[in-house]
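Raw contents of structure.cif, mmCIF, C-alpha atoms:
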data_data
loop_
_atom_site.label_atom_id
_atom_site.label_comp_id
_atom_site.auth_asym_id
_atom_site.auth_seq_id
_atom_site.Cartn_x
_atom_site.Cartn_y
_atom_site.Cartn_z
CA MET A 1 86.62 95.37 75.69
CA ILE A 2 89.23 94.85 78.39
CA LEU A 3 90.34 91.38 79.47
CA TYR A 4 91.55 90.59 82.97
CA VAL A 5 93.39 87.28 82.82
CA ARG A 6 94.33 85.31 85.92
CA PHE A 7 96.61 82.43 85.05
CA ARG A 8 95.93 79.13 86.82
CA PRO A 9 98.75 76.56 86.95
CA ALA A 10 98.51 72.82 86.63
CA PRO A 11 98.88 71.20 90.10
CA ALA A 12 102.46 70.16 89.39
CA LEU A 13 103.45 73.66 88.29
CA GLY A 14 102.57 75.67 91.42
CA THR A 15 102.32 79.44 91.82
CA GLY A 16 106.06 79.87 91.45
CA GLY A 17 105.82 78.15 88.07
CA VAL A 18 103.23 80.66 86.87
CA GLU A 19 105.41 83.54 88.04
CA ALA A 20 108.39 82.11 86.17
CA ALA A 21 106.25 81.60 83.06
CA LEU A 22 104.68 85.08 83.24
CA PRO A 23 107.05 86.72 80.70
CA SER A 24 106.21 83.97 78.17
CA LEU A 25 102.49 84.30 78.90
CA LEU A 26 102.70 88.07 78.40
CA GLY A 27 104.40 87.44 75.08
CA LEU A 28 101.45 85.28 74.00
CA ALA A 29 99.07 88.06 75.04
CA GLU A 30 101.10 90.64 73.09
CA ASP A 31 100.66 88.51 69.96
CA ILE A 32 96.95 89.33 70.26
CA SER A 33 97.18 92.96 71.46
CA PRO A 34 100.18 95.24 72.10
CA VAL A 35 98.37 96.90 75.02
CA VAL A 36 99.18 94.50 77.88
CA GLN A 37 99.71 95.42 81.53
CA ALA A 38 101.49 92.83 83.65
CA LEU A 39 100.06 92.28 87.12
CA PRO A 40 102.56 89.94 88.80
CA PRO A 41 102.62 87.30 90.04
CA ASP A 42 99.84 85.68 87.99
CA ALA A 43 97.61 88.14 86.12
CA ALA A 44 97.45 90.64 83.28
CA LEU A 45 95.15 93.28 81.79
CA ILE A 46 94.73 93.31 78.01
CA ASP A 47 93.01 95.99 75.95
CA VAL A 48 91.59 94.06 72.96
CA ARG A 49 89.51 96.83 71.38
CA GLY A 50 91.97 97.24 68.52
CA ALA A 51 92.45 93.47 68.24
CA GLU A 52 88.69 92.94 67.87
CA ARG A 53 88.68 95.15 64.79
CA TYR A 54 91.96 93.77 63.42
CA PHE A 55 91.13 90.06 63.77
CA GLY A 56 87.39 90.39 63.26
CA GLN A 57 86.71 88.47 66.50
CA ASP A 58 84.99 89.47 69.71
CA ALA A 59 86.50 89.46 73.20
CA VAL A 60 85.25 85.95 74.02
CA GLN A 61 86.86 84.50 70.90
CA LEU A 62 90.15 86.29 71.60
CA ALA A 63 90.05 85.07 75.22
CA SER A 64 89.55 81.49 73.99
CA LEU A 65 92.52 81.88 71.65
CA LEU A 66 94.73 83.11 74.50
CA ARG A 67 93.57 80.26 76.75
CA VAL A 68 94.41 77.60 74.14
CA ARG A 69 97.85 79.10 73.49
CA ALA A 70 98.64 79.39 77.21
CA LEU A 71 97.74 75.73 77.73
CA ALA A 72 99.70 74.58 74.68
CA HIS A 73 102.86 76.62 75.29
CA CYS A 74 103.05 76.90 79.09
CA GLY A 75 100.65 74.34 80.56
CA VAL A 76 98.68 77.16 82.21
CA ASP A 77 94.90 77.62 82.23
CA CYS A 78 93.12 80.97 82.61
CA ALA A 79 90.12 82.45 84.35
CA ILE A 80 89.19 85.52 82.29
CA GLY A 81 86.87 88.45 82.91
CA ALA A 82 85.88 90.86 80.14
CA GLY A 83 84.33 94.27 80.60
CA PRO A 84 84.21 97.82 79.27
CA GLY A 85 86.96 98.85 81.70
CA PRO A 86 89.64 97.35 83.97
CA MET A 87 87.46 97.46 87.10
CA LEU A 88 84.59 95.45 85.62
CA ALA A 89 87.02 93.04 83.95
CA ARG A 90 88.68 92.36 87.32
CA MET A 91 85.36 91.86 89.07
CA ALA A 92 84.18 89.49 86.34
CA ALA A 93 87.41 87.49 86.56
CA ARG A 94 86.86 86.92 90.29
CA GLU A 95 83.62 85.11 89.46
CA ALA A 96 84.86 83.27 86.37
CA ALA A 97 85.64 79.60 86.87
CA PRO A 98 88.99 78.29 85.56
CA GLY A 99 88.73 77.62 81.85
CA THR A 100 85.87 80.09 81.33
CA THR A 101 85.32 83.72 80.35
CA LEU A 102 82.73 85.89 82.09
CA VAL A 103 81.68 88.94 80.08
CA VAL A 104 80.07 92.10 81.47
CA THR A 105 78.63 94.29 78.72
CA ASP A 106 77.71 97.97 78.87
CA ALA A 107 74.04 97.02 78.95
CA GLY A 108 74.58 94.45 81.69
CA THR A 109 76.76 96.57 83.95
CA ALA A 110 73.99 97.82 86.26
CA GLY A 111 72.59 94.34 86.79
CA PHE A 112 76.05 92.86 87.40
CA LEU A 113 76.94 95.45 90.04
CA ALA A 114 73.62 96.03 91.78
CA GLY A 115 73.59 93.19 94.32
CA LYS A 116 77.28 93.11 95.12
CA PRO A 117 78.55 94.26 98.55
CA VAL A 118 80.00 97.74 98.49
CA ALA A 119 83.42 96.35 99.51
CA ALA A 120 83.63 94.67 96.09
CA LEU A 121 84.30 98.04 94.44
CA ASP A 122 87.87 99.13 93.78
CA GLY A 123 89.12 101.60 96.35
CA VAL A 124 86.61 100.65 99.05
CA GLY A 125 88.53 99.30 102.02
CA THR A 126 87.29 97.92 105.30
CA ALA A 127 86.91 101.31 107.01
CA THR A 128 85.06 102.91 104.09
CA ALA A 129 82.76 99.91 103.72
CA ARG A 130 81.96 100.04 107.45
CA THR A 131 81.12 103.74 107.21
CA LEU A 132 78.87 103.25 104.19
CA CYS A 133 77.08 100.29 105.78
CA ALA A 134 76.37 102.43 108.85
CA TYR A 135 74.32 104.68 106.55
CA GLY A 136 72.54 101.71 104.98
CA LEU A 137 74.63 101.82 101.79
CA ASP A 138 75.73 98.19 101.99
CA SER A 139 75.38 97.27 98.30
CA VAL A 140 76.74 98.73 95.07
CA GLY A 141 73.20 99.26 93.81
CA LYS A 142 72.27 101.41 96.83
CA VAL A 143 75.43 103.49 96.40
CA ALA A 144 74.63 103.99 92.70
CA ASP A 145 71.13 105.19 93.59
CA ALA A 146 72.33 107.57 96.31
CA PRO A 147 72.68 111.28 95.44
CA LEU A 148 76.24 112.32 94.70
CA ALA A 149 76.10 115.06 97.35
CA VAL A 150 75.22 112.51 100.03
CA LEU A 151 78.21 110.31 99.21
CA GLN A 152 80.51 113.33 99.17
CA ARG A 153 79.32 114.35 102.64
CA ILE A 154 80.00 110.83 103.93
CA VAL A 155 83.44 110.09 102.44
CA GLY A 156 84.65 113.42 101.04
CA ALA A 157 84.29 115.30 97.77
CA ARG A 158 86.81 113.48 95.59
CA ALA A 159 86.35 110.03 97.11
CA GLY A 160 82.58 110.45 96.95
CA ARG A 161 82.60 111.22 93.24
CA GLU A 162 84.93 108.29 92.48
CA LEU A 163 82.74 105.97 94.53
CA TRP A 164 79.57 107.20 92.80
CA GLU A 165 81.12 106.71 89.35
CA ARG A 166 82.44 103.22 90.10
CA ALA A 167 79.09 102.12 91.49
CA ARG A 168 77.61 103.08 88.12
CA GLY A 169 80.33 101.21 86.21
CA ILE A 170 82.22 104.35 85.18
CA ASP A 171 85.93 103.50 85.19
CA ARG A 172 88.46 106.17 84.19
CA THR A 173 91.52 103.93 84.58
CA THR A 174 93.29 102.56 81.52
CA VAL A 175 95.50 99.62 80.65
CA VAL A 176 99.10 100.81 80.98
CA PRO A 177 101.57 98.65 79.02
CA ASN A 178 104.49 97.62 81.21
CA ALA A 179 106.82 94.71 81.86
CA ALA A 180 106.87 91.99 84.51
CA ALA A 181 110.42 93.06 85.44
CA ARG A 182 109.07 96.22 87.08
CA SER A 183 108.49 94.34 90.32
CA VAL A 184 110.40 92.27 92.84
CA ALA A 185 109.01 89.66 95.21
CA ALA A 186 110.00 87.43 98.11
CA GLU A 187 108.16 84.53 99.72
CA ARG A 188 108.17 82.82 103.10
CA ALA A 189 106.73 79.31 103.28
CA PHE A 190 105.90 77.85 106.69
CA SER A 191 107.08 74.38 107.67
CA ARG A 192 103.46 73.60 108.58
CA ASP A 193 100.15 75.36 107.97
CA GLU A 194 100.42 78.35 110.28
CA LEU A 195 97.50 79.82 112.27
CA ASP A 196 99.47 82.13 114.57
CA PRO A 197 99.19 85.79 113.43
CA VAL A 198 102.36 86.61 115.36
CA ARG A 199 104.32 84.23 113.12
CA HIS A 200 102.62 85.77 110.10
CA ARG A 201 103.87 89.20 111.17
CA ARG A 202 107.39 87.87 111.77
CA ALA A 203 107.40 86.48 108.24
CA LEU A 204 106.15 89.78 106.82
CA LEU A 205 108.85 91.68 108.71
CA SER A 206 111.49 89.35 107.30
CA ILE A 207 110.18 89.71 103.73
CA ALA A 208 109.91 93.50 103.95
CA GLU A 209 113.49 93.71 105.23
CA GLU A 210 114.65 91.56 102.31
CA LEU A 211 112.77 93.57 99.69
CA GLY A 212 113.95 96.88 101.14
CA LEU A 213 117.57 95.72 101.13
CA ARG A 214 117.34 94.48 97.54
CA MET A 215 115.75 97.70 96.26
CA ARG A 216 118.18 99.95 98.11
CA GLY A 217 121.07 97.92 96.76
CA GLU A 218 119.78 98.41 93.21
CA GLY A 219 118.94 102.09 93.69
CA GLN A 220 115.19 101.56 93.25
CA VAL A 221 111.98 102.41 95.09
CA CYS A 222 108.47 100.98 94.72
CA ARG A 223 105.12 102.73 94.43
CA ALA A 224 102.88 99.85 95.52
CA LEU A 225 102.98 96.70 97.62
CA SER A 226 100.91 93.53 97.21
CA LEU A 227 100.50 90.58 99.55
CA THR A 228 99.56 87.08 98.40
CA VAL A 229 98.43 84.61 101.05
CA ARG A 230 98.38 80.91 100.12
CA TYR A 231 96.19 78.70 102.29
CA ALA A 232 96.24 75.02 103.21
CA ASP A 233 93.72 74.20 100.45
CA ARG A 234 96.03 75.82 97.84
CA SER A 235 93.68 78.78 97.31
CA THR A 236 95.14 82.28 97.44
CA THR A 237 94.14 85.83 98.31
CA THR A 238 95.98 88.86 96.92
CA ARG A 239 95.59 92.43 98.13
CA ALA A 240 97.56 95.51 97.05
CA ARG A 241 98.02 99.05 98.29
CA THR A 242 99.55 102.11 96.72
CA LEU A 243 102.16 103.75 98.93
CA ARG A 244 101.85 107.37 100.00
CA GLU A 245 105.22 108.01 98.35
CA PRO A 246 107.74 105.79 96.53
CA THR A 247 110.08 104.15 99.02
CA ALA A 248 112.53 101.35 99.74
CA HIS A 249 112.56 102.10 103.48
CA SER A 250 112.05 98.75 105.25
CA ALA A 251 110.04 100.26 108.12
CA ALA A 252 107.57 101.85 105.70
CA LEU A 253 107.24 98.61 103.73
CA THR A 254 106.68 96.63 106.92
CA ASP A 255 103.98 99.03 108.10
CA VAL A 256 102.05 98.71 104.82
CA ALA A 257 102.48 94.92 104.80
CA TYR A 258 101.04 94.73 108.32
CA ARG A 259 98.06 96.88 107.35
CA ILE A 260 97.31 94.75 104.28
CA HIS A 261 97.54 91.61 106.43
CA GLU A 262 95.20 93.07 109.05
CA SER A 263 92.66 94.08 106.39
CA LEU A 264 92.29 90.43 105.36
CA GLY A 265 90.87 89.48 108.77
CA LEU A 266 92.44 86.00 108.59
CA GLN A 267 91.78 85.09 112.24
CA ARG A 268 92.15 81.27 112.32
CA ALA A 269 93.09 80.81 108.65
CA ARG A 270 95.64 78.06 107.99
CA VAL A 271 98.35 79.86 106.02
CA ARG A 272 100.90 77.93 103.98
CA SER A 273 102.97 80.82 102.62
CA LEU A 274 103.14 84.60 102.32
CA THR A 275 104.46 86.44 99.27
CA LEU A 276 105.16 90.16 99.31
CA ARG A 277 105.72 91.98 96.02
CA ALA A 278 107.10 95.49 95.54
CA GLU A 279 105.50 96.83 92.37
CA ASP A 280 105.92 99.70 89.94
CA LEU A 281 109.65 100.04 90.58
CA THR A 282 111.34 103.26 89.60
CA PRO A 283 114.93 104.55 89.95
CA LEU A 284 115.56 106.31 93.24
CA GLU A 285 116.81 109.48 91.54
CA ARG A 286 113.46 109.91 89.76
CA ALA A 287 111.38 109.64 92.93
CA ALA A 288 110.42 112.56 95.15
CA ARG A 289 110.45 112.18 98.92
CA GLN A 290 108.32 114.22 101.29
CA LEU A 291 110.55 116.08 103.75
CA THR A 292 109.88 115.32 107.38
CA PHE A 293 110.91 116.96 110.61
CA ASP A 294 110.47 113.75 112.59
CA PRO A 295 113.85 113.02 114.20
CA ALA A 296 112.88 109.39 114.83
CA ASP A 297 112.32 108.81 111.10
CA GLU A 298 115.61 110.43 110.15
CA ARG A 299 117.44 108.42 112.82
CA ALA A 300 115.87 105.18 111.56
CA ARG A 301 117.00 105.93 108.01
CA ARG A 302 120.57 106.65 109.14
CA ILE A 303 120.65 103.42 111.13
CA GLU A 304 119.30 101.58 108.07
CA ALA A 305 122.09 103.00 105.90
CA VAL A 306 124.73 101.87 108.43
CA ALA A 307 123.12 98.41 108.61
CA ASP A 308 123.15 98.16 104.81
CA ARG A 309 126.90 98.83 104.74
CA ALA A 310 127.43 96.14 107.39
CA ARG A 311 125.35 93.64 105.41
CA ALA A 312 127.25 94.44 102.21
CA ARG A 313 130.53 93.67 104.00
CA PHE A 314 129.59 90.78 106.29
CA GLY A 315 126.50 89.24 104.67
CA PRO A 316 122.72 89.77 104.81
CA ARG A 317 122.42 88.23 108.29
CA ALA A 318 124.98 90.56 109.84
CA VAL A 319 122.22 92.89 111.06
CA VAL A 320 118.62 91.75 111.61
CA PRO A 321 115.69 93.18 113.59
CA GLY A 322 115.67 92.04 117.20
CA SER A 323 112.32 90.22 116.85
CA LEU A 324 113.81 88.07 114.06
CA ALA A 325 116.99 87.29 115.98
CA ALA A 326 115.09 85.70 118.89
#

Here is a file; write its structure as structure tokens.
Amino acid sequence: MILYVRFRPAPALGTGGVEAALPSLLGLAEDISPVVQALPPDAALIDVRGAERYFGQDAVQLASLLRVRALAHCGVDCAIGAGPGPMLARMAAREAAPGTTLVVTDAGTAGFLAGKPVAALDGVGTATARTLCAYGLDSVGKVADAPLAVLQRIVGARAGRELWERARGIDRTTVVPNAAARSVAAERAFSRDELDPVRHRRALLSIAEELGLRMRGEGQVCRALSLTVRYADRSTTTRARTLREPTAHSAALTDVAYRIHESLGLQRARVRSLTLRAEDLTPLERAARQLTFDPADERARRIEAVADRARARFGPRAVVPGSLAA
């Protein structure tokens, strides 16, 4: 079984406290299984199939052990989902109450998925969900029952097969052991609960500029970007997207951050803070970049390099986007 663990802080600890405690929490998880994938700022995937055989305990018992140790050592509770693969474990964790473990077995997979909206599946964004709903495929069960050829005609050959497999609980992804240090994040908290989407976008622009500058200064690029929105009631929403190519280019990061924000459809949501995280960092020299003949892109990158040199000499506020200077 695979465990998806979302760590829940005590009220006094706050989200930042969980992020700071994440390396310690991952260490506790690695005492149970060496196959642990960090998902900053507050989650992890754990493959416990070997641990079940080694300790002679099932996934629920191992999850309970991890929960007790996290509370005792770090003052952090957990909501845990368990499933045959990472996708089902994540989906189960979304429905698990704090302090509980929700298990989806192989036999119960079809029943667990059948009534869920199609947007609940990994890889199904707003546009894809809208297209599927237009054909009457508004639930996971209906997608699972649809012929593979029909799905491939609607969304494409490869995407159609992946969608068909996920709707049937087939998950080909694995838990990839990594470290929490392979990401970098920045946060902007508003002085009051903010409803204005224009101010949200200004904050995202500021964060993306900061992350891009930090990564370029360290000679790194990221492969994915995640956005965490904290609301007035202390609840949070996190969404992530894989980038088309690894980058530390601020304009590219800003564009993806805007698209993630728009996909949330916040409208009149009262937002307390926004956190942007650049994930799956890799050294710049190991990353390939798609060549482009767009002169505007090349000009923007040259300007960015000049601005970076000015910031290194005169401070990070020496050069800022015009919309942030107003």

To one decimal place in Å, what is the distance between CA of Val150 (chain A) and CA of Gly136 (chain A)?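 Calculated distance between CA of Val150 (chain A) and CA of Gly136 (chain A) is 12.2 Å.
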
Non-local contacts of Leu28 (chain A) (10 Å; all atoms listed in the file; under 5 positions in same chain excluded) as a PyMOL selection string: chain A and resi 22-23+33+65-67+69-70+73-74

Rounded to one decimal, what separation in Å do you get between CA of Phe190 (chain A) and CA of Leu211 (chain A)? 18.5 Å

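Distance annotation: of A:Ala127, A:Ala159, A:Ala252, A:Ala167, the residue with the minimal separation from Gly111 (chain A) is A:Ala167; atom set is all atoms listed in the file.
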
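Contact shell of Val175 (chain A) at 7 Å (all atoms listed in the file; same-chain neighbours under 6 positions omitted): Val35, Val36, Gln37, Leu45, Ile46 and Asp47 of chain A.
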